[in-house]
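Novice: Just one file: final-v8.cif, with mmCIF, C-alpha atoms and all ligand atoms.
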data_work
loop_
_atom_site.label_atom_id
_atom_site.label_comp_id
_atom_site.auth_asym_id
_atom_site.auth_seq_id
_atom_site.Cartn_x
_atom_site.Cartn_y
_atom_site.Cartn_z
CA MET A 261 91.20 64.20 126.55
CA ARG A 262 88.20 66.21 125.42
CA ASP A 263 87.09 69.45 127.01
CA PRO A 264 84.55 68.42 129.67
CA TYR A 265 82.42 71.47 128.90
CA GLU A 266 82.27 70.32 125.30
CA VAL A 267 81.49 66.73 126.30
CA LEU A 268 78.49 67.84 128.36
CA GLY A 269 77.58 70.67 125.99
CA VAL A 270 77.51 73.31 128.69
CA PRO A 271 78.99 76.83 128.70
CA ARG A 272 82.06 77.65 130.81
CA ASP A 273 79.93 79.50 133.34
CA ALA A 274 77.33 76.74 133.69
CA SER A 275 75.85 76.35 137.17
CA GLU A 276 76.10 73.12 139.16
CA ALA A 277 72.45 72.37 138.36
CA ASP A 278 73.05 72.90 134.63
CA ILE A 279 76.01 70.54 134.73
CA ARG A 280 74.05 67.86 136.61
CA ALA A 281 71.13 68.10 134.19
CA ALA A 282 73.42 67.99 131.15
CA PHE A 283 75.27 64.99 132.52
CA ARG A 284 72.01 63.07 133.12
CA LYS A 285 70.95 63.76 129.56
CA VAL A 286 74.26 62.76 127.95
CA ALA A 287 74.70 59.72 130.18
CA ALA A 288 71.16 58.50 129.46
CA LEU A 289 71.76 58.92 125.75
CA HIS A 290 74.97 56.90 125.74
CA HIS A 291 74.25 54.38 128.46
CA PRO A 292 75.80 51.09 127.29
CA ASP A 293 72.67 49.15 128.27
CA LYS A 294 70.66 51.23 125.85
CA ASN A 295 73.21 50.93 123.06
CA PRO A 296 74.27 47.28 123.10
CA ASP A 297 75.27 47.34 119.43
CA ASP A 298 77.29 50.56 119.50
CA PRO A 299 80.81 50.04 120.79
CA ARG A 300 81.41 53.79 120.88
CA ALA A 301 78.57 54.33 123.33
CA HIS A 302 80.63 52.89 126.15
CA ALA A 303 83.48 55.29 125.43
CA ARG A 304 81.07 58.23 125.28
CA PHE A 305 79.43 57.19 128.52
CA THR A 306 82.82 56.98 130.23
CA GLU A 307 83.79 60.32 128.80
CA ALA A 308 80.61 61.95 130.08
CA ASN A 309 81.24 60.42 133.46
CA ALA A 310 84.77 61.80 133.58
CA ALA A 311 83.57 65.22 132.44
CA HIS A 312 80.92 65.25 135.15
CA GLN A 313 83.45 64.27 137.80
CA ILE A 314 85.63 67.21 136.88
CA LEU A 315 82.92 69.82 136.53
CA SER A 316 80.93 68.79 139.60
CA ASP A 317 83.95 69.13 141.87
CA PRO A 318 84.88 72.81 142.40
CA GLN A 319 88.57 72.01 142.91
CA LYS A 320 88.83 69.82 139.87
CA ARG A 321 86.83 72.26 137.82
CA ALA A 322 89.16 75.08 138.87
CA ALA A 323 92.13 72.89 137.93
CA TRP A 324 90.65 72.32 134.49
CA ASP A 325 89.90 76.00 134.01
CA ARG A 326 93.44 76.87 134.94
CA PHE A 327 95.54 74.10 133.44
CA GLY A 328 93.24 72.44 130.94
CA ALA A 329 93.83 68.83 130.00
CA ALA A 330 97.35 68.95 131.43
CA ALA A 331 95.78 68.90 134.89
CA PHE A 332 94.37 65.43 134.41
CA GLN A 333 96.36 62.37 133.64
CA PRO A 334 94.35 59.84 131.61
CA GLY A 335 92.10 57.87 133.87
CA GLY A 336 93.08 59.79 136.98
CA ALA A 337 89.93 61.79 137.49
CA ALA A 338 87.60 59.30 135.82
CA ALA A 339 88.79 56.52 138.08
CA GLY A 340 88.01 58.67 141.08
CA GLY A 341 91.68 58.65 141.92
CA GLN A 342 93.86 61.50 142.87
CA VAL A 343 93.69 64.47 140.58
CA PHE A 344 97.04 64.95 139.17
CA VAL A 345 98.57 68.14 137.95
CA GLN A 346 101.57 68.34 135.75
CA VAL A 347 103.46 71.54 135.88
CA GLY A 348 106.09 72.22 133.33
CA LEU A 349 109.31 74.08 133.89
CA ASP A 350 107.52 77.23 132.89
CA GLY A 351 104.85 76.71 135.52
CA LEU A 352 104.90 77.09 139.24
CA PHE A 353 108.41 75.76 139.52
CA GLY A 354 109.96 77.89 136.88
CA ASP A 355 111.58 80.00 139.55
CA LEU A 356 112.89 77.02 141.38
CA LEU A 357 114.54 75.65 138.29
CA GLY A 358 115.50 79.08 137.11
CA ALA A 359 117.98 79.01 139.97
CA LEU A 360 119.62 76.08 138.24
CA GLY A 361 119.77 77.99 135.00
CA ILE A 362 117.28 75.70 133.29
CA ARG A 363 114.34 78.00 132.82
CA THR A 364 113.65 76.66 129.39
CA GLY A 365 110.16 75.26 129.33
CA GLU A 366 109.59 71.60 128.86
CA ARG A 367 108.71 71.91 125.22
CA GLY A 368 111.32 74.52 124.62
CA ASP A 369 108.97 77.18 123.36
CA ILE A 370 110.16 80.75 123.48
CA ARG A 371 108.07 83.88 123.46
CA GLU A 372 109.55 87.15 122.31
CA ARG A 373 108.04 90.53 121.62
CA VAL A 374 108.67 92.64 118.59
CA THR A 375 107.61 96.26 118.58
CA VAL A 376 106.78 98.01 115.33
CA SER A 377 105.73 101.57 114.65
CA PHE A 378 102.18 102.41 113.61
CA GLU A 379 103.38 103.10 110.06
CA GLN A 380 105.33 99.84 109.85
CA ALA A 381 102.28 97.86 110.95
CA ALA A 382 100.17 99.64 108.37
CA SER A 383 102.47 99.09 105.42
CA GLY A 384 104.32 95.93 106.47
CA THR A 385 108.02 95.49 107.14
CA ARG A 386 110.73 93.03 108.06
CA LYS A 387 112.38 92.95 111.44
CA THR A 388 115.34 91.08 112.77
CA LEU A 389 114.83 89.69 116.23
CA HIS A 390 117.77 88.68 118.43
CA TYR A 391 117.05 86.28 121.21
CA ASP A 392 118.68 83.92 123.68
CA CYS A 393 118.14 80.27 123.08
CA ARG A 394 119.33 77.10 124.73
CA GLU A 395 120.58 74.23 122.70
CA LEU A 396 122.21 70.94 123.55
CA CYS A 397 125.80 71.18 124.67
CA SER A 398 127.92 69.92 121.81
CA ASP A 399 130.58 68.49 124.16
CA CYS A 400 128.21 66.01 125.79
CA ASP A 401 125.31 65.97 123.28
CA GLY A 402 123.01 67.15 126.05
CA SER A 403 123.73 64.37 128.52
CA GLY A 404 125.48 66.68 130.97
CA GLY A 405 128.07 63.98 131.67
CA ALA A 406 131.77 64.14 130.90
CA ARG A 407 132.81 62.11 127.91
CA GLY A 408 133.34 58.50 128.93
CA ALA A 409 131.99 59.01 132.44
CA GLU A 410 129.97 56.24 134.02
CA VAL A 411 126.23 56.87 133.78
CA SER A 412 123.74 55.59 136.34
CA THR A 413 120.03 55.86 137.05
CA CYS A 414 119.10 59.00 138.97
CA SER A 415 118.40 58.12 142.58
CA ALA A 416 116.12 61.12 143.18
CA CYS A 417 113.52 60.08 140.62
CA SER A 418 114.42 56.41 140.12
CA GLY A 419 115.07 57.20 136.49
CA ARG A 420 111.59 58.56 135.79
CA GLY A 421 112.89 62.06 135.18
CA ARG A 422 109.97 63.48 137.13
CA VAL A 423 109.15 63.72 140.79
CA ARG A 424 105.71 63.92 142.32
CA PHE A 425 104.86 65.71 145.51
CA GLN A 426 102.09 67.42 147.42
CA GLN A 427 102.37 71.14 147.14
CA GLY A 428 101.02 73.23 150.01
CA LEU A 429 98.96 75.63 147.94
CA LEU A 430 97.38 73.08 145.67
CA PRO A 431 94.78 70.53 146.62
CA PHE A 432 96.37 67.90 144.41
CA ALA A 433 99.65 66.19 143.79
CA VAL A 434 102.04 67.95 141.50
CA GLU A 435 104.64 66.52 139.23
CA ARG A 436 107.71 68.34 138.08
CA PRO A 437 110.90 67.48 136.28
CA CYS A 438 113.55 66.07 138.56
CA SER A 439 116.04 68.79 139.42
CA ARG A 440 118.87 66.37 140.17
CA CYS A 441 118.99 64.91 136.66
CA SER A 442 117.20 67.81 134.90
CA GLY A 443 114.52 65.38 133.80
CA ARG A 444 116.92 63.05 132.03
CA GLY A 445 116.52 60.18 134.48
CA ARG A 446 120.22 59.44 134.43
CA VAL A 447 123.25 61.07 135.97
CA ALA A 448 126.89 60.81 135.02
CA ALA A 449 129.63 60.21 137.56
CA SER A 450 131.46 63.34 136.41
CA THR A 451 129.90 66.34 134.77
CA CYS A 452 130.68 67.88 131.44
CA ALA A 453 133.00 70.85 131.77
CA GLY A 454 131.52 72.64 128.78
CA CYS A 455 128.05 73.03 130.29
CA ARG A 456 128.74 72.23 133.97
CA GLY A 457 126.36 69.33 133.76
CA ALA A 458 123.33 71.23 132.50
CA GLY A 459 123.56 69.60 129.10
CA LEU A 460 122.58 72.91 127.58
CA ARG A 461 124.31 75.98 126.31
CA LYS A 462 123.01 79.46 125.78
CA VAL A 463 123.31 80.76 122.27
CA ARG A 464 122.34 84.04 120.71
CA ARG A 465 120.21 83.63 117.65
CA SER A 466 118.42 85.88 115.31
CA ALA A 467 115.22 85.44 113.38
CA GLU A 468 113.92 87.41 110.46
CA VAL A 469 110.30 88.35 111.05
CA GLU A 470 107.97 89.24 108.24
CA ILE A 471 105.44 91.82 109.44
CA PRO A 472 102.58 91.78 106.94
CA ALA A 473 100.85 95.03 106.09
CA GLY A 474 97.81 95.66 108.25
CA ILE A 475 98.92 93.53 111.21
CA GLU A 476 97.25 94.36 114.50
CA SER A 477 98.78 94.70 117.91
CA GLY A 478 98.67 91.38 119.77
CA ALA A 479 99.04 89.27 116.64
CA SER A 480 101.63 86.54 116.85
CA ARG A 481 103.76 84.58 114.47
CA ILE A 482 105.30 81.20 115.09
CA VAL A 483 108.64 80.06 113.79
CA GLU A 484 108.62 76.30 114.16
CA GLY A 485 111.73 74.71 115.56
CA ALA A 486 113.37 78.03 116.44
CA GLY A 487 112.88 77.57 120.20
CA HIS A 488 115.05 75.88 122.80
CA ARG A 489 116.23 72.35 122.29
CA VAL A 490 116.32 70.97 125.80
CA ARG A 491 116.41 67.24 125.28
CA PRO A 492 118.32 65.15 122.77
CA ASP A 493 115.28 62.92 122.27
CA ARG A 494 112.94 65.77 121.46
CA ALA A 495 112.54 68.25 118.68
CA PRO A 496 113.26 71.87 119.50
CA GLY A 497 110.38 74.08 120.60
CA ASN A 498 108.89 76.92 118.65
CA LEU A 499 109.58 80.61 118.71
CA GLU A 500 106.43 82.62 119.17
CA ILE A 501 106.73 86.26 118.27
CA LEU A 502 104.18 88.63 119.73
CA ILE A 503 103.79 91.78 117.72
CA GLU A 504 103.13 95.03 119.49
CA VAL A 505 102.20 98.13 117.57
CA GLU A 506 103.31 101.43 119.07
CA SER A 507 100.78 104.18 119.49
CA HIS A 508 101.01 107.16 117.16
CA PRO A 509 100.94 110.87 118.04
CA PHE A 510 98.21 111.61 115.44
CA PHE A 511 96.63 108.37 114.40
CA THR A 512 94.54 105.73 116.04
CA ARG A 513 93.29 102.63 114.33
CA VAL A 514 89.66 101.54 114.08
CA GLY A 515 89.42 98.40 112.01
CA ASP A 516 91.19 99.27 108.78
CA ASP A 517 90.48 102.96 109.13
CA VAL A 518 92.93 105.50 110.49
CA VAL A 519 91.35 108.14 112.69
CA CYS A 520 92.92 111.52 113.41
CA LYS A 521 91.75 114.79 114.89
CA VAL A 522 92.45 118.03 113.09
CA PRO A 523 91.79 121.48 114.56
CA LEU A 524 90.29 124.09 112.24
CA THR A 525 89.93 127.77 112.82
CA PHE A 526 86.41 129.17 112.98
CA ALA A 527 86.95 130.82 109.58
CA GLN A 528 88.15 127.58 107.94
CA ALA A 529 85.17 125.70 109.27
CA ALA A 530 82.63 128.40 108.42
CA LEU A 531 83.91 129.33 104.97
CA GLY A 532 85.33 126.02 103.90
CA SER A 533 88.98 125.61 103.05
CA GLU A 534 91.71 123.30 101.96
CA ILE A 535 93.96 122.10 104.72
CA GLU A 536 97.01 119.90 104.97
CA VAL A 537 96.64 116.76 107.03
CA PRO A 538 99.12 114.02 107.93
CA THR A 539 98.39 110.64 106.36
CA LEU A 540 100.23 107.33 106.27
CA ASP A 541 101.50 108.38 102.84
CA GLY A 542 102.74 111.77 104.00
CA ARG A 543 101.02 115.13 103.79
CA ALA A 544 97.80 115.33 101.87
CA THR A 545 95.29 118.04 101.08
CA LEU A 546 91.80 117.77 102.51
CA ARG A 547 88.89 119.89 101.30
CA VAL A 548 86.80 121.15 104.19
CA PRO A 549 83.28 122.07 103.01
CA PRO A 550 81.69 125.33 104.20
CA ALA A 551 79.70 125.17 107.46
CA THR A 552 81.68 122.24 108.83
CA GLN A 553 80.73 121.67 112.46
CA PRO A 554 82.97 120.57 115.34
CA GLY A 555 82.91 116.79 115.62
CA HIS A 556 82.20 116.31 111.90
CA VAL A 557 84.14 113.46 110.38
CA LEU A 558 85.63 113.92 106.94
CA ARG A 559 86.53 110.78 105.04
CA MET A 560 89.66 110.41 102.93
CA ARG A 561 89.08 107.29 100.89
CA GLY A 562 91.86 104.73 100.51
CA LYS A 563 94.18 106.47 102.97
CA GLY A 564 93.74 103.86 105.69
CA ILE A 565 95.34 100.53 106.46
CA VAL A 566 95.69 97.62 104.06
CA HIS A 567 92.91 95.03 104.38
CA ARG A 568 94.76 91.87 105.30
CA VAL A 569 92.31 89.59 103.58
CA ARG A 570 90.55 91.54 100.85
CA GLY A 571 93.43 93.76 99.76
CA GLY A 572 92.76 97.43 99.16
CA ARG A 573 92.87 99.97 101.95
CA GLY A 574 90.59 101.44 104.58
CA ASP A 575 89.93 105.15 104.87
CA GLN A 576 91.34 107.95 106.92
CA LEU A 577 88.71 109.60 109.07
CA VAL A 578 89.44 113.17 110.04
CA GLU A 579 87.52 114.38 113.05
CA VAL A 580 87.17 118.12 113.01
CA GLY A 581 87.75 120.32 116.02
CA ILE A 582 87.30 124.09 116.14
CA GLU A 583 89.95 126.24 117.74
CA VAL A 584 88.80 129.39 119.43
CA PRO A 585 91.42 132.14 119.58
CA THR A 586 92.59 132.75 123.13
CA GLU A 587 94.09 136.21 122.63
CA LEU A 588 92.28 138.90 120.67
CA THR A 589 93.53 142.27 119.57
CA GLU A 590 91.16 145.17 120.08
CA ARG A 591 90.41 145.16 116.36
CA ALA A 592 89.81 141.44 116.26
CA ARG A 593 87.40 141.74 119.15
CA GLU A 594 85.49 144.50 117.37
CA LEU A 595 85.30 142.49 114.19
CA ILE A 596 83.96 139.45 115.99
CA GLU A 597 81.38 141.58 117.75
CA GLN A 598 80.35 143.03 114.41
CA LEU A 599 80.13 139.53 112.96
CA ALA A 600 78.01 138.40 115.87
CA SER A 601 75.62 141.28 115.49
CA GLU A 602 75.46 140.59 111.75
CA LEU A 603 74.52 137.00 112.58
CA GLY A 604 71.92 138.25 115.03
CA GLU A 605 73.81 136.94 118.03
CA ASP A 606 73.55 138.73 121.33
CA VAL A 607 77.07 138.83 122.73
CA GLN A 608 77.01 142.15 124.61
CA PRO A 609 77.07 141.15 128.26
CA GLN A 610 75.78 144.56 129.31
CA GLN A 611 72.62 144.09 127.27
CA ARG A 612 71.44 140.83 128.68
CA THR A 613 73.34 138.35 130.74
CA PHE A 614 73.51 134.69 130.00
CA LEU A 615 71.76 133.93 133.27
CA GLU A 616 68.80 136.09 132.33
CA LYS A 617 68.57 134.35 128.99
CA LEU A 618 68.69 131.02 130.74
CA LYS A 619 65.82 132.08 132.99
CA GLY A 620 63.80 133.05 129.96
CA TRP A 621 64.55 129.72 128.34
CA PHE A 622 63.23 127.76 131.34
CA GLY A 623 60.13 129.91 131.26
ZN ZN B 1 127.99 69.45 128.11
ZN ZN B 2 116.18 62.44 138.49
#
What would the structure in this file look like if it were written as structure tokens?
Specialist:
Amino acid sequence: MRDPYEVLGVPRDASEADIRAAFRKVAALHHPDKNPDDPRAHARFTEANAAHQILSDPQKRAAWDRFGAAAFQPGGAAAGGQVFVQVGLDGLFGDLLGALGIRTGERGDIRERVTVSFEQAASGTRKTLHYDCRELCSDCDGSGGARGAEVSTCSACSGRGRVRFQQGLLPFAVERPCSRCSGRGRVAASTCAGCRGAGLRKVRRSAEVEIPAGIESGASRIVEGAGHRVRPDRAPGNLEILIEVESHPFFTRVGDDVVCKVPLTFAQAALGSEIEVPTLDGRATLRVPPATQPGHVLRMRGKGIVHRVRGGRGDQLVEVGIEVPTELTERARELIEQLASELGEDVQPQQRTFLEKLKGWFG
């Protein structure tokens, strides 16, 4: 089923009037009467009709926005019938089924997080992830029944494996896997001792995760087939690994550049100096030119993060701060006063106060 927004060519935040106008246009274009020789026109017309029915009904539109195509069984909405929402084990009823120990997701996908340090993300690394996974019980091959036990059709779902019911919060009927037969449609007269009838067993697995240099927080990697295997007739789900990059005490990342703040003394900034700064490669020397101002950014080329596509590295950007001494000896104070007078600065409060100067400045 195609995205109804795409079918009508309207943005996600389109108003009701926009949707109506777009529908009229698309429907007129593909009306079967106007396209007697094009067999696809009929399909397009039907599609536009279905899209309009979803988007013009606030409840159906909300269902699409929330669940996507899964909310609409083929033909359901287009036929004007009951809108039909399928909720997987991970959905609204995850908790309900979690009580049965079957919180596995219908497709068996698993999501895990892997945390890497700022440096590891910058230079790349390998991580071993340990995770819990469910696989078919080897005693009963996932049937949940004892070996040789008589198997009959589940009476709760009439063998469909799914049950449909009206859920109080939702304006439409909801379907969920049958909890009596765990979606299998059949039940055995006596249950398997190895898995207590669940058909599944929890196993601890590990996966080796390649973290490429330059990866950003929020990136994910998918290991196909490394998820749960919840049904004998289906392939196992995937393992999705979300990568989180820890923050760093000195560095932040902007694109492929590493930004850090370095405090200089007044003398270092005024006279110029060579200072040591932390970089991803360890300590490095940075030349500070004379008359460097607070807030100036000094660039260290090639000290940033690896470009994931182009290769090469970004830069390190050093933002300069100026530290003002908080405690002065008598001599230091005198020297600064002398310096100020040499620079023509008026720092003697008894001569002229700041407020007076301010008055003069405003005129
Ligand atoms: Zn078993
Ligand atoms: Zn059932």
Novice: I'd like the contact shell of range 453-464 of chain A - 8 Å cut-off, only C-alpha atoms, skipping same-chain residues fewer than 4 positions apart - returned as a JSON list (two decimals) with C-alpha atoms, keeping the file's coordinate frame.
Specialist:
[["chain", "number", "residue", "atom", "x", "y", "z"],
["A", 362, "ILE", "CA", 117.28, 75.70, 133.29],
["A", 390, "HIS", "CA", 117.77, 88.68, 118.43],
["A", 391, "TYR", "CA", 117.05, 86.28, 121.21],
["A", 392, "ASP", "CA", 118.68, 83.92, 123.68],
["A", 393, "CYS", "CA", 118.14, 80.27, 123.08],
["A", 394, "ARG", "CA", 119.33, 77.10, 124.73],
["A", 395, "GLU", "CA", 120.58, 74.23, 122.70],
["A", 396, "LEU", "CA", 122.21, 70.94, 123.55],
["A", 397, "CYS", "CA", 125.80, 71.18, 124.67],
["A", 399, "ASP", "CA", 130.58, 68.49, 124.16],
["A", 400, "CYS", "CA", 128.21, 66.01, 125.79],
["A", 401, "ASP", "CA", 125.31, 65.97, 123.28],
["A", 402, "GLY", "CA", 123.01, 67.15, 126.05],
["A", 403, "SER", "CA", 123.73, 64.37, 128.52],
["A", 404, "GLY", "CA", 125.48, 66.68, 130.97],
["A", 405, "GLY", "CA", 128.07, 63.98, 131.67],
["A", 406, "ALA", "CA", 131.77, 64.14, 130.90],
["A", 442, "SER", "CA", 117.20, 67.81, 134.90],
["A", 490, "VAL", "CA", 116.32, 70.97, 125.80]]
Novice: So which residues touch Ile482 in chain A within 12 Å, counting all atoms listed in the file, skipping near sequence neighbours fewer than 5 positions away, as an mmCIF file with C-alpha atoms, in the coordinates of the input?
Specialist:
data_model
loop_
_atom_site.group_PDB
_atom_site.id
_atom_site.type_symbol
_atom_site.label_atom_id
_atom_site.label_comp_id
_atom_site.auth_asym_id
_atom_site.auth_seq_id
_atom_site.Cartn_x
_atom_site.Cartn_y
_atom_site.Cartn_z
ATOM 1 C CA ASP A 369 108.970 77.180 123.360
ATOM 2 C CA ILE A 370 110.160 80.750 123.480
ATOM 3 C CA ARG A 371 108.070 83.880 123.460
ATOM 4 C CA GLU A 372 109.550 87.150 122.310
ATOM 5 C CA ARG A 373 108.040 90.530 121.620
ATOM 6 C CA ALA A 467 115.220 85.440 113.380
ATOM 7 C CA GLU A 468 113.920 87.410 110.460
ATOM 8 C CA VAL A 469 110.300 88.350 111.050
ATOM 9 C CA GLU A 470 107.970 89.240 108.240
ATOM 10 C CA GLY A 487 112.880 77.570 120.200
ATOM 11 C CA GLY A 497 110.380 74.080 120.600
ATOM 12 C CA ASN A 498 108.890 76.920 118.650
ATOM 13 C CA LEU A 499 109.580 80.610 118.710
ATOM 14 C CA GLU A 500 106.430 82.620 119.170
ATOM 15 C CA ILE A 501 106.730 86.260 118.270
ATOM 16 C CA LEU A 502 104.180 88.630 119.730
ATOM 17 C CA ILE A 503 103.790 91.780 117.720
#
Novice: Please provide the set of residues having any atom within 12 Å of Val519 in chain A, restricted to all atoms listed in the file, with same-chain residues fewer than 2 positions apart removed, written as a compact mmCIF listing (two decimals) with C-alpha atoms, keeping the file's coordinate frame.
Specialist:
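The file below, selection.txt, is the result:
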# COMPACT_ATOMS: atom_id res chain seq x y z
CA HIS A 508 101.01 107.16 117.16
CA PRO A 509 100.94 110.87 118.04
CA PHE A 510 98.21 111.61 115.44
CA PHE A 511 96.63 108.37 114.40
CA THR A 512 94.54 105.73 116.04
CA ARG A 513 93.29 102.63 114.33
CA VAL A 514 89.66 101.54 114.08
CA GLY A 515 89.42 98.40 112.01
CA ASP A 516 91.19 99.27 108.78
CA ASP A 517 90.48 102.96 109.13
CA LYS A 521 91.75 114.79 114.89
CA VAL A 522 92.45 118.03 113.09
CA VAL A 537 96.64 116.76 107.03
CA PRO A 538 99.12 114.02 107.93
CA THR A 539 98.39 110.64 106.36
CA LEU A 540 100.23 107.33 106.27
CA VAL A 557 84.14 113.46 110.38
CA LEU A 558 85.63 113.92 106.94
CA ARG A 559 86.53 110.78 105.04
CA MET A 560 89.66 110.41 102.93
CA LYS A 563 94.18 106.47 102.97
CA GLY A 564 93.74 103.86 105.69
CA ILE A 565 95.34 100.53 106.46
CA GLY A 574 90.59 101.44 104.58
CA ASP A 575 89.93 105.15 104.87
CA GLN A 576 91.34 107.95 106.92
CA LEU A 577 88.71 109.60 109.07
CA VAL A 578 89.44 113.17 110.04
CA GLU A 579 87.52 114.38 113.05
CA VAL A 580 87.17 118.12 113.01
Novice: Hey, could you pull the box centre and edge lengths for range 451-464 of chain A, axis-aligned, 5 Å padding per side, all listed atoms, to one decimal in Å, as JSON?
Specialist:
{"center_x": 127.7, "center_y": 75.2, "center_z": 127.7, "size_x": 20.7, "size_y": 27.7, "size_z": 24.1}
Novice: Tell me, counting all atoms listed in the file, for each residue of chain A within 6 Å of ligand ZN 2 (chain B), which pair of atoms is nearest and how far apart they are in Å to one decimal, in rows ordered by chain and increasing number, as JSON lines.
Specialist:
{"residue": "A:Cys414", "atom": "CA", "partner": "B:ZN2", "partner_atom": "ZN", "distance": 4.5}
{"residue": "A:Ala416", "atom": "CA", "partner": "B:ZN2", "partner_atom": "ZN", "distance": 4.9}
{"residue": "A:Cys417", "atom": "CA", "partner": "B:ZN2", "partner_atom": "ZN", "distance": 4.1}
{"residue": "A:Gly419", "atom": "CA", "partner": "B:ZN2", "partner_atom": "ZN", "distance": 5.7}
{"residue": "A:Gly421", "atom": "CA", "partner": "B:ZN2", "partner_atom": "ZN", "distance": 4.7}
{"residue": "A:Cys438", "atom": "CA", "partner": "B:ZN2", "partner_atom": "ZN", "distance": 4.5}
{"residue": "A:Arg440", "atom": "CA", "partner": "B:ZN2", "partner_atom": "ZN", "distance": 5.1}
{"residue": "A:Cys441", "atom": "CA", "partner": "B:ZN2", "partner_atom": "ZN", "distance": 4.2}
{"residue": "A:Gly443", "atom": "CA", "partner": "B:ZN2", "partner_atom": "ZN", "distance": 5.8}
{"residue": "A:Gly445", "atom": "CA", "partner": "B:ZN2", "partner_atom": "ZN", "distance": 4.6}
Novice: Show me, as a PDB file with C-alpha atoms, in the frame of the given file, the residues that have an atom within 8 Å of Glu504 in chain A when counting all atoms listed in the file, minus same-chain residues fewer than 5 positions from it.
Specialist:
ATOM      1  CA  ARG A 373     108.040  90.530 121.620  1.00  0.00           C
ATOM      2  CA  VAL A 374     108.670  92.640 118.590  1.00  0.00           C
ATOM      3  CA  THR A 375     107.610  96.260 118.580  1.00  0.00           C
ATOM      4  CA  VAL A 376     106.780  98.010 115.330  1.00  0.00           C
ATOM      5  CA  GLU A 476      97.250  94.360 114.500  1.00  0.00           C
ATOM      6  CA  SER A 477      98.780  94.700 117.910  1.00  0.00           C
ATOM      7  CA  GLY A 478      98.670  91.380 119.770  1.00  0.00           C
ATOM      8  CA  ALA A 479      99.040  89.270 116.640  1.00  0.00           C
TER       9      ALA A 479
END
Novice: Counting only C-alpha atoms and all ligand atoms, which of A:Arg422, A:Arg591, A:Lys617, A:Arg407 gets nearest to ligand ZN 1 (chain B)?
Specialist: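 Checking each of A:Arg422, A:Arg591, A:Lys617, A:Arg407 against ligand ZN 1 (chain B), counting only C-alpha atoms and all ligand atoms, the winner is A:Arg407.
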Novice: Output range 532-545 of chain A with N, CA and C atoms present, as a PDB file, keeping the file's coordinate frame.
Specialist:
ATOM      1  N   GLY A 532      84.788 127.115 104.693  1.00  0.00           N
ATOM      2  CA  GLY A 532      85.330 126.020 103.900  1.00  0.00           C
ATOM      3  C   GLY A 532      86.755 126.352 103.522  1.00  0.00           C
ATOM      4  N   SER A 533      87.580 125.336 103.375  1.00  0.00           N
ATOM      5  CA  SER A 533      88.980 125.610 103.050  1.00  0.00           C
ATOM      6  C   SER A 533      89.653 124.333 102.602  1.00  0.00           C
ATOM      7  N   GLU A 534      90.896 124.480 102.216  1.00  0.00           N
ATOM      8  CA  GLU A 534      91.710 123.300 101.960  1.00  0.00           C
ATOM      9  C   GLU A 534      92.802 123.281 103.004  1.00  0.00           C
ATOM     10  N   ILE A 535      92.947 122.170 103.681  1.00  0.00           N
ATOM     11  CA  ILE A 535      93.960 122.100 104.720  1.00  0.00           C
ATOM     12  C   ILE A 535      94.899 120.934 104.450  1.00  0.00           C
ATOM     13  N   GLU A 536      96.062 121.000 105.095  1.00  0.00           N
ATOM     14  CA  GLU A 536      97.010 119.900 104.970  1.00  0.00           C
ATOM     15  C   GLU A 536      96.843 118.985 106.174  1.00  0.00           C
ATOM     16  N   VAL A 537      96.745 117.689 105.911  1.00  0.00           N
ATOM     17  CA  VAL A 537      96.640 116.760 107.030  1.00  0.00           C
ATOM     18  C   VAL A 537      97.703 115.665 106.879  1.00  0.00           C
ATOM     19  N   PRO A 538      98.177 115.143 108.010  1.00  0.00           N
ATOM     20  CA  PRO A 538      99.120 114.020 107.930  1.00  0.00           C
ATOM     21  C   PRO A 538      98.374 112.757 107.540  1.00  0.00           C
ATOM     22  N   THR A 539      98.965 111.955 106.673  1.00  0.00           N
ATOM     23  CA  THR A 539      98.390 110.640 106.360  1.00  0.00           C
ATOM     24  C   THR A 539      99.537 109.625 106.406  1.00  0.00           C
ATOM     25  N   LEU A 540      99.199 108.371 106.296  1.00  0.00           N
ATOM     26  CA  LEU A 540     100.230 107.330 106.270  1.00  0.00           C
ATOM     27  C   LEU A 540     101.166 107.502 105.077  1.00  0.00           C
ATOM     28  N   ASP A 541     100.678 108.183 104.035  1.00  0.00           N
ATOM     29  CA  ASP A 541     101.500 108.380 102.840  1.00  0.00           C
ATOM     30  C   ASP A 541     102.191 109.732 102.835  1.00  0.00           C
ATOM     31  N   GLY A 542     102.159 110.431 103.963  1.00  0.00           N
ATOM     32  CA  GLY A 542     102.740 111.770 104.000  1.00  0.00           C
ATOM     33  C   GLY A 542     101.638 112.820 104.038  1.00  0.00           C
ATOM     34  N   ARG A 543     102.024 114.066 103.736  1.00  0.00           N
ATOM     35  CA  ARG A 543     101.020 115.130 103.790  1.00  0.00           C
ATOM     36  C   ARG A 543     100.043 115.001 102.637  1.00  0.00           C
ATOM     37  N   ALA A 544      98.797 115.360 102.937  1.00  0.00           N
ATOM     38  CA  ALA A 544      97.800 115.330 101.870  1.00  0.00           C
ATOM     39  C   ALA A 544      96.872 116.521 102.068  1.00  0.00           C
ATOM     40  N   THR A 545      96.192 116.903 101.001  1.00  0.00           N
ATOM     41  CA  THR A 545      95.290 118.040 101.080  1.00  0.00           C
ATOM     42  C   THR A 545      93.869 117.525 101.291  1.00  0.00           C
TER      43      THR A 545
END
